[in-house]
file model-v5.cif (mmCIF, C-alpha atoms and all ligand atoms)
data_model
loop_
_atom_site.label_atom_id
_atom_site.label_comp_id
_atom_site.auth_asym_id
_atom_site.auth_seq_id
_atom_site.Cartn_x
_atom_site.Cartn_y
_atom_site.Cartn_z
CA MET A 1 125.26 -155.80 98.69
CA ILE A 2 126.23 -157.90 101.74
CA LYS A 3 129.47 -155.93 101.95
CA GLU A 4 127.54 -152.67 102.15
CA ILE A 5 125.18 -154.08 104.80
CA SER A 6 128.12 -155.40 106.77
CA ALA A 7 129.87 -152.02 106.57
CA ALA A 8 126.66 -150.25 107.64
CA VAL A 9 126.16 -152.58 110.62
CA THR A 10 129.82 -152.11 111.62
CA LEU A 11 129.43 -148.35 111.43
CA ILE A 12 126.24 -148.30 113.49
CA LEU A 13 127.82 -150.51 116.14
CA THR A 14 130.96 -148.38 116.23
CA LEU A 15 128.86 -145.26 116.76
CA THR A 16 126.65 -146.94 119.35
CA PHE A 17 129.35 -148.45 121.50
CA CYS A 18 132.32 -146.24 120.66
CA SER A 19 134.32 -149.31 121.51
CA GLY A 20 136.55 -149.42 118.52
CA ILE A 21 136.32 -150.88 115.08
CA VAL A 22 137.60 -154.37 116.00
CA VAL A 23 134.86 -155.17 118.51
CA ALA A 24 132.26 -153.69 116.17
CA GLU A 25 133.47 -155.94 113.35
CA ASP A 26 133.14 -159.02 115.55
CA LEU A 27 129.62 -158.01 116.52
CA ALA A 28 128.70 -157.39 112.89
CA GLU A 29 129.95 -160.90 112.08
CA ALA A 30 127.83 -162.40 114.84
CA ILE A 31 124.72 -160.50 113.81
CA LEU A 32 125.12 -161.41 110.15
CA THR A 33 125.93 -165.11 110.67
CA PRO A 34 122.34 -166.39 110.33
CA TYR A 35 122.17 -164.70 106.91
CA ARG A 36 125.19 -166.53 105.64
CA GLN A 37 124.64 -169.25 103.12
CA LYS A 38 126.29 -172.59 102.70
CA GLU A 39 128.36 -173.62 99.71
CA ILE A 40 128.33 -171.49 96.53
CA VAL A 41 125.67 -169.75 94.42
CA PRO A 42 124.89 -171.96 91.37
CA VAL A 43 125.24 -170.42 87.91
CA GLU A 44 121.97 -168.72 87.02
CA ASN A 45 122.93 -166.86 83.86
CA LYS A 46 122.10 -168.84 80.71
CA GLN A 47 124.74 -167.24 78.50
CA TYR A 48 127.41 -167.87 81.09
CA LYS A 49 126.28 -171.46 81.52
CA ASP A 50 126.23 -172.13 77.77
CA GLU A 51 129.43 -170.33 76.74
CA CYS A 52 131.57 -171.16 79.75
CA GLY A 53 130.26 -174.67 80.20
CA SER A 54 130.97 -175.98 76.69
CA CYS A 55 134.59 -177.10 77.20
CA HIS A 56 134.51 -177.74 80.93
CA PHE A 57 132.27 -177.43 83.97
CA ALA A 58 130.89 -173.86 84.19
CA TYR A 59 132.92 -172.60 87.18
CA GLN A 60 130.68 -170.56 89.45
CA PRO A 61 131.74 -166.88 89.62
CA GLY A 62 131.87 -167.36 93.41
CA LEU A 63 134.92 -169.62 92.96
CA LEU A 64 137.23 -166.68 92.16
CA PRO A 65 137.55 -163.05 93.31
CA THR A 66 136.69 -160.00 91.17
CA LYS A 67 140.33 -159.35 90.30
CA SER A 68 140.61 -162.82 88.71
CA TRP A 69 137.51 -162.43 86.54
CA GLU A 70 138.75 -159.03 85.44
CA LYS A 71 141.88 -160.67 84.06
CA LEU A 72 140.21 -163.77 82.61
CA LEU A 73 137.25 -162.09 80.94
CA THR A 74 138.75 -159.63 78.46
CA ALA A 75 138.61 -160.07 74.68
CA GLU A 76 142.42 -160.37 74.61
CA ALA A 77 142.65 -162.94 77.40
CA LEU A 78 139.90 -165.13 75.95
CA LYS A 79 141.78 -165.46 72.66
CA LYS A 80 144.53 -167.21 74.58
CA HIS A 81 142.50 -168.96 77.26
CA PHE A 82 144.71 -171.73 78.66
CA GLY A 83 145.94 -172.56 75.17
CA GLU A 84 142.45 -172.45 73.63
CA ASN A 85 140.54 -169.77 71.75
CA ALA A 86 137.44 -168.98 73.83
CA GLU A 87 136.61 -165.70 72.04
CA LEU A 88 133.12 -164.21 72.45
CA ASP A 89 131.32 -161.45 70.58
CA ALA A 90 131.40 -158.10 72.40
CA ASP A 91 127.78 -158.22 73.61
CA THR A 92 128.04 -161.73 75.02
CA LEU A 93 131.37 -160.91 76.64
CA LYS A 94 129.83 -157.90 78.38
CA VAL A 95 126.95 -159.99 79.78
CA ILE A 96 129.30 -162.73 80.99
CA HIS A 97 131.89 -160.31 82.37
CA ASP A 98 129.29 -158.27 84.29
CA TYR A 99 127.60 -161.40 85.62
CA ALA A 100 130.90 -162.87 86.87
CA ILE A 101 132.02 -159.60 88.47
CA ALA A 102 128.66 -159.11 90.22
CA ASN A 103 128.81 -162.64 91.68
CA ALA A 104 132.54 -162.95 92.40
CA ALA A 105 133.73 -164.59 95.63
CA ASP A 106 134.36 -161.28 97.38
CA LYS A 107 130.76 -160.17 96.72
CA SER A 108 129.18 -163.31 98.17
CA TYR A 109 128.32 -164.41 101.67
CA HIS A 110 128.26 -168.08 100.77
CA LYS A 111 130.65 -170.16 102.85
CA ARG A 112 133.06 -171.37 100.16
CA SER A 113 133.18 -167.97 98.48
CA ARG A 114 134.09 -166.31 101.77
CA LYS A 115 136.96 -168.77 102.24
CA ILE A 116 138.17 -168.18 98.69
CA SER A 117 137.87 -164.43 99.11
CA VAL A 118 139.98 -164.47 102.28
CA ALA A 119 142.54 -166.88 100.78
CA THR A 120 143.10 -164.64 97.74
CA GLU A 121 143.00 -161.24 99.43
CA ASN A 122 146.74 -160.76 99.60
CA MET A 123 147.83 -162.53 96.46
CA GLU A 124 148.02 -161.56 92.85
CA ALA A 125 144.82 -162.48 91.00
CA PRO A 126 144.85 -166.27 90.51
CA LEU A 127 143.77 -167.35 87.02
CA ARG A 128 142.81 -170.78 88.27
CA VAL A 129 140.51 -171.96 91.03
CA THR A 130 143.03 -174.74 91.60
CA GLU A 131 145.68 -172.10 92.49
CA VAL A 132 143.66 -170.84 95.45
CA ARG A 133 145.29 -171.92 98.72
CA TYR A 134 141.98 -172.98 100.29
CA ILE A 135 141.17 -175.24 97.32
CA LYS A 136 144.70 -176.70 97.26
CA ARG A 137 144.55 -177.44 100.95
CA LYS A 138 141.23 -179.26 100.64
CA HIS A 139 142.76 -181.65 98.09
CA HIS A 140 146.35 -182.07 99.14
CA GLU A 141 145.78 -185.49 100.69
CA ILE A 142 144.32 -187.03 97.53
CA PRO A 143 146.98 -189.23 95.88
CA GLU A 144 148.06 -188.24 92.36
CA LYS A 145 147.03 -191.63 91.00
CA MET A 146 143.41 -190.70 91.76
CA ILE A 147 143.72 -187.38 89.88
CA LYS A 148 146.33 -187.17 87.08
CA GLY A 149 146.70 -190.94 86.86
CA ASN A 150 142.92 -191.39 86.69
CA LYS A 151 141.65 -191.52 83.09
CA ASP A 152 138.20 -190.29 84.18
CA VAL A 153 139.53 -187.25 86.04
CA LYS A 154 142.91 -186.13 84.53
CA SER A 155 143.22 -182.94 86.53
CA LEU A 156 141.90 -181.19 89.60
CA SER A 157 140.41 -178.57 87.27
CA TYR A 158 137.58 -180.92 86.36
CA CYS A 159 135.63 -180.39 89.56
CA ASP A 160 132.53 -182.20 88.33
CA ALA A 161 134.46 -185.41 87.69
CA CYS A 162 134.40 -186.01 91.46
CA HIS A 163 131.92 -183.53 92.92
CA THR A 164 128.60 -185.04 91.81
CA GLN A 165 126.67 -181.86 92.64
CA ALA A 166 129.21 -179.32 91.43
CA ASN A 167 126.63 -177.88 89.03
CA LYS A 168 124.44 -177.01 92.00
CA GLY A 169 127.35 -175.31 93.70
CA VAL A 170 127.62 -178.09 96.28
CA PHE A 171 131.14 -179.32 97.12
CA ASP A 172 130.76 -180.97 100.51
CA GLU A 173 132.49 -184.26 101.27
CA ASP A 174 129.27 -186.28 101.29
CA THR A 175 128.68 -185.66 97.59
CA VAL A 176 132.20 -186.64 96.42
CA LYS A 177 132.77 -189.75 94.34
CA ILE A 178 136.20 -190.29 92.80
CA PRO A 179 135.80 -192.30 89.56
CA ASN A 180 137.45 -195.75 89.74
CA TYR A 181 138.15 -195.31 93.46
CA PRO A 182 134.87 -196.05 95.23
CA ASN A 183 136.65 -196.39 98.57
CA TRP A 184 138.92 -193.35 98.31
CA ASP A 185 138.23 -192.31 101.89
CA ASP A 186 139.19 -195.58 103.58
C1 LIG A 201 137.27 -173.61 73.84
C2 LIG A 201 137.17 -174.26 75.13
C3 LIG A 201 136.93 -173.37 76.35
C4 LIG A 201 135.93 -172.44 76.55
C5 LIG A 201 134.81 -172.05 75.59
C6 LIG A 201 136.13 -171.92 77.89
N1 LIG A 201 137.20 -172.52 78.49
FE1 LIG A 201 137.85 -172.19 80.37
N2 LIG A 201 139.36 -173.52 80.10
C7 LIG A 201 139.60 -174.23 78.94
C8 LIG A 201 140.80 -175.05 79.12
C9 LIG A 201 141.41 -175.97 78.09
C10 LIG A 201 141.22 -174.84 80.44
C11 LIG A 201 142.41 -175.49 81.15
C12 LIG A 201 141.99 -176.83 81.73
C13 LIG A 201 143.13 -177.65 82.27
O1 LIG A 201 144.10 -177.08 82.76
O2 LIG A 201 143.03 -178.87 82.25
C14 LIG A 201 140.30 -173.88 81.02
C15 LIG A 201 140.38 -173.43 82.32
C16 LIG A 201 139.55 -172.49 82.91
C17 LIG A 201 139.66 -172.01 84.26
C18 LIG A 201 140.69 -172.45 85.29
C19 LIG A 201 140.27 -173.78 85.94
C20 LIG A 201 141.24 -174.25 87.00
O3 LIG A 201 141.05 -173.89 88.17
O4 LIG A 201 142.17 -174.98 86.66
C21 LIG A 201 138.67 -171.09 84.45
C22 LIG A 201 138.39 -170.30 85.72
C23 LIG A 201 137.94 -171.01 83.21
N3 LIG A 201 138.48 -171.87 82.29
C24 LIG A 201 136.85 -170.17 83.00
C25 LIG A 201 136.16 -170.08 81.79
C26 LIG A 201 135.08 -169.14 81.56
C27 LIG A 201 134.55 -168.16 82.57
C28 LIG A 201 134.66 -169.33 80.27
C29 LIG A 201 133.58 -168.58 79.52
C30 LIG A 201 133.94 -167.22 79.16
C31 LIG A 201 135.48 -170.42 79.71
N4 LIG A 201 136.39 -170.82 80.66
C32 LIG A 201 135.34 -170.93 78.43
C33 LIG A 201 138.85 -174.19 77.78
C34 LIG A 201 137.74 -173.39 77.57
C1 LIG A 202 139.87 -186.15 92.08
C2 LIG A 202 138.55 -185.75 92.49
C3 LIG A 202 138.29 -184.28 92.79
C4 LIG A 202 138.34 -183.21 91.92
C5 LIG A 202 138.66 -183.24 90.44
C6 LIG A 202 138.00 -182.03 92.70
N1 LIG A 202 137.77 -182.39 94.00
FE1 LIG A 202 137.18 -181.14 95.50
N2 LIG A 202 137.33 -182.67 96.82
C7 LIG A 202 137.59 -184.00 96.51
C8 LIG A 202 137.62 -184.78 97.72
C9 LIG A 202 137.91 -186.27 97.81
C10 LIG A 202 137.36 -183.89 98.79
C11 LIG A 202 137.26 -184.20 100.28
C12 LIG A 202 138.63 -184.17 100.87
C13 LIG A 202 138.62 -184.61 102.30
O1 LIG A 202 137.90 -183.99 103.08
O2 LIG A 202 139.33 -185.55 102.64
C14 LIG A 202 137.17 -182.57 98.18
C15 LIG A 202 136.87 -181.42 98.88
C16 LIG A 202 136.53 -180.20 98.33
C17 LIG A 202 136.08 -179.05 99.06
C18 LIG A 202 135.90 -178.98 100.57
C19 LIG A 202 134.66 -179.71 100.98
C20 LIG A 202 134.45 -179.71 102.48
O3 LIG A 202 133.41 -180.27 102.90
O4 LIG A 202 135.25 -179.13 103.20
C21 LIG A 202 135.84 -178.06 98.16
C22 LIG A 202 135.32 -176.66 98.43
C23 LIG A 202 136.16 -178.59 96.85
N3 LIG A 202 136.59 -179.89 96.99
C24 LIG A 202 136.06 -177.90 95.66
C25 LIG A 202 136.53 -178.36 94.44
C26 LIG A 202 136.60 -177.55 93.24
C27 LIG A 202 136.13 -176.12 93.13
C28 LIG A 202 137.16 -178.34 92.27
C29 LIG A 202 137.51 -177.96 90.85
C30 LIG A 202 138.35 -176.78 90.70
C31 LIG A 202 137.41 -179.65 92.87
N4 LIG A 202 137.04 -179.61 94.19
C32 LIG A 202 137.93 -180.75 92.19
C33 LIG A 202 137.80 -184.49 95.24
C34 LIG A 202 137.94 -183.74 94.09
#
call {"tool": "encode", "arguments": {"input": "model-v5.cif", "output": "structure tokens"}}
result
Amino acid sequence: MIKEISAAVTLILTLTFCSGIVVAEDLAEAILTPYRQKEIVPVENKQYKDECGSCHFAYQPGLLPTKSWEKLLTAEALKKHFGENAELDADTLKVIHDYAIANAADKSYHKRSRKISVATENMEAPLRVTEVRYIKRKHHEIPEKMIKGNKDVKSLSYCDACHTQANKGVFDEDTVKIPNYPNWDD
């Protein structure tokens, strides 16, 4: 939706000013900025939340681009989902697949999703959020002992171990608490 609006605004501006697509794109950005949202859209679909939140945190669709969800959410792929069987019946799979695709990072104007969308544009579809350059960069200064060596975290994949409001789609620094390391940011 936002993409279509953005394209429409760009087109109108190009026609109005005849000043080339680049300038028009910048103007479209500026005009649309107030409509941008912070963070990430929380999961609103109950089936997604239940089925995809039973083994781990229910990753918001806005954490990965469309091309990733297309690979992850097929009947075949779910049978061998990171070494687990996460099979779904065909009807449930369709609901979850369509929900994820409709809310993927590249369809969202929320801040984190935009960053993820840009970071994954020119790469093969990542199957993990933790493979996305933007997400890696945000965590590269955290010592391994606080992640892998931390019995209450184990891996960066468990976002909600540290991000206390991950379920609300909020990942900002102020809401981070690393278990067993209350003063991680000293
Ligand atoms: C049977 C348990 C199970 C179910 C159900 C399940 N997953 Fe997973 N998922 C896993 C495991 C195990 C991993 C790998 C975690 C690790 O590397 O520590 C994983 C990893 C992921 C990752 C990559 C996380 C990262 O960045 O490292 C995504 C994305 C994901 N799952 C999405 C989903 C979605 C969407 C669904 C619902 C269709 C789902 N999962 C259902 C077990 C499950
Ligand atoms: C070991 C704890 C831990 C885990 C697990 C973790 N994070 Fe973080 N994350 C942090 C910390 C600490 C920061 C702040 C880093 C800094 O600014 O120094 C951060 C920062 C971020 C930021 C940037 C926030 C900002 O204000 O710029 C995002 C986005 C984010 N994490 C998303 C995720 C996602 C998505 C996952 C799961 C795939 C995840 N994180 C897993 C600890 C964690």
call {"tool": "residues_near_ligand", "arguments": {"input": "model-v5.cif", "ligand": "ligand LIG 202 (chain A)", "cutoff": "8 Å", "atoms": "all atoms listed in the file", "output": "PyMOL selection string"}}
result
chain A and resi 39+59+63+112+128-130+134-135+138-139+141-142+146-147+153-163+166+171-174+176-179+184-185
call {"tool": "closest_residue", "arguments": {"input": "model-v5.cif", "among": "A:Asp106, A:Asp152, A:Glu124, A:Asp50", "to": "ligand LIG 201 (chain A)", "atoms": "only C-alpha atoms and all ligand atoms"}}
result
A:Asp50
call {"tool": "closest_atom_pairs", "arguments": {"input": "model-v5.cif", "of": "chain A", "to": "ligand LIG 201 (chain A)", "cutoff": "7 Å", "atoms": "all atoms listed in the file", "output": "tab-separated table"}}
result
residue	atom	partner	partner_atom	distance
A:Tyr48	CA	A:LIG201	C29	6.4
A:Glu51	CA	A:LIG201	C29	5.3
A:Cys52	CA	A:LIG201	C29	3.3
A:Gly53	CA	A:LIG201	C32	6.6
A:Ser54	CA	A:LIG201	C5	5.6
A:Cys55	CA	A:LIG201	C2	4.4
A:His56	CA	A:LIG201	N1	6.4
A:Ala58	CA	A:LIG201	C26	6.8
A:Tyr59	CA	A:LIG201	C22	6.1
A:Leu73	CA	A:LIG201	C30	6.4
A:His81	CA	A:LIG201	N2	6.2
A:Phe82	CA	A:LIG201	C10	5.0
A:Gly83	CA	A:LIG201	C9	6.4
A:Glu84	CA	A:LIG201	C1	5.3
A:Asn85	CA	A:LIG201	C1	5.5
A:Ala86	CA	A:LIG201	C5	4.4
A:Ile96	CA	A:LIG201	C30	6.7
A:Leu127	CA	A:LIG201	C18	6.2
A:Arg128	CA	A:LIG201	O3	3.6
A:Val129	CA	A:LIG201	O3	3.5
A:Thr130	CA	A:LIG201	O3	4.1
A:Glu131	CA	A:LIG201	O3	6.6
A:Ser155	CA	A:LIG201	O2	5.9
A:Leu156	CA	A:LIG201	O4	6.9
A:Ser157	CA	A:LIG201	O4	4.0
call {"tool": "closest_residue", "arguments": {"input": "model-v5.cif", "among": "A:Lys67, A:Lys145, A:Lys80, A:Lys49", "to": "A:Ala104", "atoms": "all atoms listed in the file"}}
result
A:Lys67
call {"tool": "closest_residue", "arguments": {"input": "model-v5.cif", "among": "A:Asn122, A:Gln60, A:Ser113, A:Thr66", "to": "A:Gly169", "atoms": "all atoms listed in the file"}}
result
A:Gln60
call {"tool": "axis_aligned_box", "arguments": {"input": "model-v5.cif", "around": "stretch 102-115 of chain A", "padding_each_side": "4 Å", "output": "JSON"}}
result
{"center_x": 132.6, "center_y": -165.2, "center_z": 96.5, "size_x": 16.7, "size_y": 20.3, "size_z": 20.6}
call {"tool": "atom_distance", "arguments": {"input": "model-v5.cif", "atom1": "atom CA of A:Asn150", "atom2": "atom CA of A:Leu64"}}
result
25.9 Å
call {"tool": "atom_distance", "arguments": {"input": "model-v5.cif", "atom1": "atom CA of A:Glu44", "atom2": "atom CA of A:Trp69"}}
result
16.8 Å
call {"tool": "closest_residue", "arguments": {"input": "model-v5.cif", "among": "A:Arg133, A:Glu76, A:Arg114, A:Asp26", "to": "A:Lys38", "atoms": "only C-alpha atoms"}}
result
A:Arg114
call {"tool": "closest_residue", "arguments": {"input": "model-v5.cif", "among": "A:Lys71, A:His140, A:Lys79, A:Lys115", "to": "A:Ala100", "atoms": "only C-alpha atoms"}}
result
A:Lys71
call {"tool": "atom_distance", "arguments": {"input": "model-v5.cif", "atom1": "atom CA of A:Ser108", "atom2": "atom CA of A:Thr120"}}
result
14.0 Å
call {"tool": "closest_residue", "arguments": {"input": "model-v5.cif", "among": "A:Thr175, A:Tyr181, A:Lys46, A:Arg137", "to": "A:Lys151", "atoms": "only C-alpha atoms"}}
result
A:Tyr181
